[in-house]
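Working notes, beginning with the structure itself.
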Amino acid sequence: MADVRLCGALVAALLAVGCSDQPDDPRPPSEVGEATSPAVRIADVEADRNPLTAAVVYVASTDGLMGRSPVGRSELLRRLASPGSVTEQAAALDDATIRLADTLGVRPERLAWVEAPLTATIVEQSDEEASVDVWTVSILGAHDSGSPQAVWRTVHLDLELSGGQWLVASATADSGPTPASNELALQAGWSDFEEVAGWTPVVQGAEL
């Protein structure tokens, strides 16, 4: 039951007012893989020039956004979100942060949180707008809170090209797809998780 509550709280925390179901990408998998593979773009292309990269950086910033004060959260959102959506997204994050703290019994800034976007695809794109889906996993824990927990979700982002930059106008999230856990593997304790959570993220979010 605790895992279900945690999953629901985290999905609500992803800058979303409700959840949405997005249609499947109509393109063949071979075309999607060739056109939108993030592995090269994350390393070689600036986020403001590419909507897929901008979306992945936005999702990778989730832990940083949730761990900041409301003022710091708004400042960081101004780098990631379209000007007309900053206030709404900041308000949604503030509310989600409170609900997450109530669910976990720990303030988000006290959590060790790793946000790891795994795959991403451009659902549709025009010259000035784009929709991107990102599959990501949140792994978080806190001292004296038992084993860290993982929550898998798909984030749906709408982006706008504004002043030469791709910025997020809205973001919603659905739970999953969630892989089955390995029943034979021992769950990590806090000290082991704290160590690896402090390593440099492979996909780094935005910073102030």
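Identifiers in the structure tokens: chain A, B, ... in order shown; residue index from 1 per chain; ligand index from 1 in order shown.
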
Sorted by chain and rising residue number, which residues of segment 38-127 of chain A lie within 7 Å of segment 140-146 of chain A, and what are their closest atom pairs and distances in Å to one decimal, counting only C-alpha atoms, as JSON lines?
```
{"residue": "A:Arg110", "atom": "CA", "partner": "A:Ala142", "partner_atom": "CA", "distance": 6.9}
{"residue": "A:Leu111", "atom": "CA", "partner": "A:Ala142", "partner_atom": "CA", "distance": 5.0}
{"residue": "A:Ala112", "atom": "CA", "partner": "A:Gly141", "partner_atom": "CA", "distance": 5.4}
{"residue": "A:Trp113", "atom": "CA", "partner": "A:Leu140", "partner_atom": "CA", "distance": 4.3}
{"residue": "A:Val114", "atom": "CA", "partner": "A:Leu140", "partner_atom": "CA", "distance": 6.2}
```

Could you name the residues that touch Glu75 of chain A at 12 Å or less, counting only C-alpha atoms, but leaving out those on the same chain fewer than 5 positions away, as a compact mmCIF listing (two decimals) with C-alpha atoms, in the first residue's frame?
```
# COMPACT_ATOMS: atom_id res chain seq x y z
CA GLY A 64 16.16 19.68 -8.26
CA LEU A 65 12.80 21.41 -8.65
CA ARG A 68 14.07 23.83 -3.79
CA SER A 69 12.18 26.55 -1.99
CA PRO A 70 9.20 28.08 -3.83
CA LEU A 80 12.81 25.55 -18.50
CA ALA A 81 9.19 26.61 -18.98
CA PRO A 83 6.89 32.42 -19.94
CA VAL A 86 5.74 29.47 -15.22
CA THR A 87 3.21 30.66 -12.64
CA GLN A 89 3.65 25.15 -13.17
CA ALA A 90 5.21 26.66 -10.03
CA ALA A 206 19.14 22.33 -15.27
CA GLU A 207 20.79 24.37 -12.52
CA LEU A 208 20.48 27.94 -11.34
```

> Expressed in Å to a single decimal, how great is the separation between atom CA of Thr172 of chain A and atom CA of Asp158 of chain A?
Replying inline: 9.1 Å

Near Pro179 of chain A, counting only C-alpha atoms, which residues have an atom at most 12 Å away, once you skip same-chain residues fewer than 5 positions from it, shown as a short mmCIF file (atom, residue, chain, number, x, y, z; two decimals) with N, CA and C atoms, in the first residue's frame?
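Resulting contents of around-v7.cif:
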```cif
data_model
loop_
_atom_site.label_atom_id
_atom_site.label_comp_id
_atom_site.auth_asym_id
_atom_site.auth_seq_id
_atom_site.Cartn_x
_atom_site.Cartn_y
_atom_site.Cartn_z
N THR A 136 10.74 7.61 -17.56
CA THR A 136 11.72 7.94 -16.53
C THR A 136 11.45 7.16 -15.25
N VAL A 137 12.47 7.06 -14.42
CA VAL A 137 12.31 6.43 -13.11
C VAL A 137 12.84 7.36 -12.04
N ALA A 150 11.48 2.99 -5.99
CA ALA A 150 11.52 3.43 -7.38
C ALA A 150 10.11 3.59 -7.90
N VAL A 151 9.89 4.66 -8.62
CA VAL A 151 8.60 4.93 -9.25
C VAL A 151 8.83 5.19 -10.73
N TRP A 152 8.18 4.40 -11.58
CA TRP A 152 8.32 4.51 -13.03
C TRP A 152 7.14 5.28 -13.59
N ARG A 153 7.38 6.14 -14.57
CA ARG A 153 6.28 6.88 -15.17
C ARG A 153 6.66 7.38 -16.55
#
```

> Among segment 29-148 of chain A, which residues carry a DSSP assignment of strand (DSSP E or B), reported as a ChimeraX atom specification?
Replying inline: /A:81,112-125,129-141
